[in-house]
Structures are given as structure tokens and as C-alpha cells.
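Since the structure comes first, as C-alpha cells, the remarks are kept for the end.
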Amino acid sequence: MIRKNSMRIRSGTHYLAAILTMGLYGGQVCPLVETLKMDEWLTLLAAVFGLVFILRTVLLNSTLKKVPRRKHTPAQFFIEMAWFTGAGILIAAVNKAVFGFPGVESGLKMVLGAGTLGFFMATDMGLARERKLARELEASQQNFDVDPHYFPMTLKFGIFAAITAISVAAVVLLVVLKDLGWMMSLETIDPETARIAVIKEILFVTLVFLAHVLNLIFSYAKNLNMAVSKENTALIRVTRGDLDTRITVSTYDEFGVMAQYTNEMIAMLQKNAREVRQTRDATIIALAGLAEARDNETGDHILRTQNYVRALAVHLRTHDRFRDHLDEETINLFYKSAPLHDIGKVGIPDNILLKPGKLTQEEFETMKQHTVLGKEALEKAAQNLESNNFLDVAKEIAFSHHERWDGTGYPQGLAGDDIPVSARLMAIADVYDALISKRVYKAAFSHDKARSILIDGRGNHFDPDVLDAFLAIEDEFIAIAARYSEFG
């Protein structure tokens, strides 16, 4: 409603300005108008422009309901131009019929004056309609399909400049001719008086044209700024990784084409990024599955542990100690990287990896090397990459998920907060799943048994706050285990 009223106020302001401009200066261009009383002339202008404004509003609303949205801007322009020029014709007709103005010269001057003001008004209202359309399309998430044979903005601006120059020249010429005729009709004239009168007239014409031209420049600038800002905002978002952004295509010009091709480019980038992510995820699962298969584990272990990690991270994201480490992107990286936690097991000999009984101390030292092997494998994968957050997270999980809170873990003997957050989460997930799963060397434990063992590890094996998070969401762990059960 506010936008609709603003359009009505804008058009009404143009009509009022036309009444005042022609009322104050009509007699300076047409000597016959000077023969009328000011109240007669202003009453005529108010009546004609008031009638035209009402008829124009009815026609405009009716037309805009019938024509497609893409034609609203040109429809607005031509209707405004036609009715303003029509007002000039009607004024000329009344002057001739009621006041008896002879000839056609006076009528042509009225038509030229009203047509010139109408051109400025129509251009301004067309630009305002273009902005209104852009807002409506953006709100409804709709777009125009740009025709390859669009009307260039550069051509529009060239036509506007040419018509403005011609109009200014024509009106100034009328003023000069009128002043010359006025001075020649006087037998005696004070040069200073004549000079002041001419300067006033030229100053008035200049100010009127300047006001209209500046208004259109600002109006054009609003439209250009709107188009450029949308383009820049979209490109900035894309460079920051937001490939869901799109630009509303709301004009039939260069900016509409730019917006359309920008959207196509973003859609292609989004498609390629999705394919890369899908390929990456499939490769992760394949590699992790290979490692788990050698360890007599199933792919369900991979799915369970990565979902445990995500559940813990989501719960801890508001915790004072973790909120700076667990934003949405990081949680997603943890989730995607978790399946590679035991990738280093591919380098452990079968006689150790698959041994059903307890490992000797020497065998256990060999088994512990799977953390180092995993780190080295992921480092090699990242060698030719400038930066890869995913591989960095996968590497720290693979390398550190057997570290213990009290510093007695391996391979580095890290303690407390020196252990990466991702590895601390993985430690809970990995141990819990190992406890509730059947292995060649043990039967599956119940949730309650596993829970009891984890609690015993609070503060020595596990970060106390991470263990507390597990206890707070243990129902989620049970649900995840059931969802991805190898017997389900």
C-alpha cells in the first residue's frame, strides 16, 4: 500500500508542478496567454490537468491489469506521455474555443510545453515503475525471461539525452523569439529593464529544466544502483561459498542479461560443486569401507560413528568451551571426515589386525601406528592442494582419536585441550560403537554396559564435558545405533 501510494503521490506531484510551471510561465512563451487573468488561466490549467489525471489513472490501472508484467514499464511511459500531451491539446482547444485565440501558433506552443513536461514525467514514472516491478519480482521470487533483442539502456539514455536537448533548445528558442517580438513592439524600452526581464525568463526556464533533469538523473541512478548492487551482492555471496543465491531478473536491458547469465553461471557452479561433494563423499565411504572391511567391521560402523560425532557437536555448539569451535560449517566437516578415522588400518598386517586374541606389546605398538599411517596418507593426498579444510580435519581425527584426556593415549600423548576437538568427539563415538558391536574377540555389550564403561573414563580417557554431552543425548546414540544396525 505504501509503494502504491508513493507512485500516486509521485505522479500527482508532476501534475501539480506542470500546473504551476505553465501557470507562472505560460504567458512568457505565448503572448496571448498574457491577455488572460491569472485566476482564469490557473483555473483552466487545474481543471484540464485534474481531469486528465483522473482519466489517466483509470486507464493506467486498467491497462496494467491487462498487459504482461514485462510491458508495465513501457506502458507506464507511453500512457503518461500521451495524456500529458493530450492535456496540452485540450488546453489549446479551450483557448481557441472559449477565449478566441487566433491561429495555431499558440496551440502548438501549449502542446510543446505540455509534451516536454510530459516527457520528463513519463520517463520518471517509467523508472519508478521499473523499481516497483523489481521489488515485486524479488518478493515473489519470479524472473523475466530476457529477450535476446532487448532494448539497451545505453540506447534509452541516448534517446533521453537527445529529446532533452531538443526540448530545451525548442523552449529557449520560443523564449528568445517571444522576447524579440516583445522588444520590437515597444517604441521605447529601457535596456536595463529589458535585460532584467530576459534574464528572469531564461533563469526560470533553466531552473525548471534543471529540476526535471536532476530528478531524472537521480532516478536513473537509483535504478542503476539497484541493478549493480544486486549483481555485486550475488557475486560477493558466491565468492564466500553461498551458491544458493540468485539475482532477480527484472529488466529488459544489459542488466537483465547480466543477471540471467550470472544466475546460469551460479547454477553451473552449484551443479559442479554438488558433483564434487558427491564424488568426495562416495570416495570417503569407499576408502573408509575398505579399511573397515579389513578389520572385520561393516560399513554401518562408519555411518554410526559419523552420526554420533555430529550429534555430540550439535549438542555442544552452545557450550561455553566449544561455541567458538563448532559452527555449522565445522560440524559438517567433522561429520564428513569422521569415516576416515581408521583409514591407516590398511597399512597394518593381517596377522595383527585380524588377531582374535589379545595383542602382545610389540603387536600393539604396531597397531598404534595406524594413526600415523592415516595421517601420512591424508597428508600425501593434500600435498598438491593449497588448502583443504576437509583433509585437515580428517587428518587430525585419524591422528589423534586415540589420545586420552589425561595424556596417556597415543601417538603423541596429548592431554586436555591440546587434543583437537574433532578427535575428542571421535574418541567417544569410536569407543561407544566398539563396545556395543560384536568383534572376533568379544560379544556386543548392551547400551547400559557401554554407558558404564564410558562414565568410568570421564576425566581420564574422555573430555568430561564431551562425556556429559553423551549422557545428555544418549537416547540419540541409541536411536542412531538402531537405525544403522548391521542386523537391521
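Chain labels run A, B, ... following the order of the C-alpha cells; each chain numbers its residues from 1, and ligands are numbered from 1 in the order shown.
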- Message: Could you pull out the alpha helix (DSSP H) residues of range 204-250 of chain A, going by DSSP on the backbone, and write them as a PyMOL selection string?
- Response: chain A and resi 204-239
- Message: Neighbouring residues of range 394-400 of chain A were defined as those with any atom within 8 Å, considering only C-alpha atoms; residues of the same chain fewer than 5 positions away were excluded. Please report them as a ChimeraX atom specification.
- Response: /A:334,337-338,340-344,371-372,374-375,378-379,410-412,419-420,422-423,426
- Counting only C-alpha atoms, the option among A:Leu51, A:Thr245, A:Arg277, A:Met121 closest to Thr262 in chain A: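 Looking only at the distances to Thr262 in chain A, the closest residue turns out to be A:Thr245.
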- Find the spatial neighbours of range 446-454 of chain A, counting only C-alpha atoms, within a cut-off of 7 Å - ignore same-chain residues fewer than 2 positions away - and output them as a ChimeraX atom specification. /A:432,435-436,444,456-458
- Item | Shell around range 233-238 of chain A at 12 Å using only C-alpha atoms, local window under 4 positions removed, as a list in words | Asn225, Met226, Ala227, Val228, Ser229, Asp242, Leu243, Asp244, Thr245, Arg246, Ile247, Thr248, Met258, Ala259, Thr262, Asn263, Met265, Ile266, Ala267, Met268, Leu269, Gln270 and Ala273 of chain A
- Can you pull out every residue within 12 Å of Leu55 in chain A, counting only C-alpha atoms, but drop anything in the same chain fewer than 6 positions away, and send it as a list in words? Val48, Phe49, Asn61, Ser62, Ile79, Glu80, Ala82, Trp83, Phe84, Gly86 and Ala87 of chain A
- Task: Name the residues in contact with Ile473 in chain A at a cut-off of 8 Å, using only C-alpha atoms, excluding same-chain residues fewer than 3 positions from it; report them as a list in words.
- Result: Ala311, Leu312, His315, Ala469, Phe470, Glu476 and Phe477 of chain A
Nearby residues (only C-alpha atoms) at most 8 Å from Phe151 in chain A, same-chain spacing under 5 positions excluded, as a PDB file with N, CA and C atoms, in the first residue's frame:
```
ATOM      1  N   LYS A 156      18.476   3.792 -24.510  1.00  0.00           N
ATOM      2  CA  LYS A 156      17.448   4.554 -23.786  1.00  0.00           C
ATOM      3  C   LYS A 156      18.014   5.895 -23.313  1.00  0.00           C
ATOM      4  N   TYR A 252      14.571  -5.481 -19.023  1.00  0.00           N
ATOM      5  CA  TYR A 252      14.881  -5.930 -20.371  1.00  0.00           C
ATOM      6  C   TYR A 252      16.005  -5.064 -20.941  1.00  0.00           C
ATOM      7  N   ASP A 253      17.181  -5.206 -20.368  1.00  0.00           N
ATOM      8  CA  ASP A 253      18.330  -4.440 -20.836  1.00  0.00           C
ATOM      9  C   ASP A 253      19.602  -5.194 -20.477  1.00  0.00           C
TER      10      ASP A 253
END
```
- Task: Grab the CA of Val52 in chain A to CA of Arg131 in chain A distance for me, in Å with one decimal place.
- Result: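 Computing the Euclidean distance for CA of Val52 in chain A and CA of Arg131 in chain A yields 24.8 Å.
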- Message: Calculated over only C-alpha atoms, which of the candidates A:Val276, A:Val249, A:Ile302, A:Ala443 has the smallest distance to Lys230 in chain A?
- Response: A:Val249
- Message: Just checking: using only C-alpha atoms, which residue out of A:Leu90, A:Val146, A:Ala427, A:Val393 ends up closest to Gly409 in chain A?
- Response: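 Among the listed residues, the smallest separation from Gly409 in chain A belongs to A:Ala427.
Shortest atom-to-atom contact with Val208 in chain A among A:Thr116, A:Thr63, A:Asn5, A:Asn351: A:Thr116, counting only C-alpha atoms.
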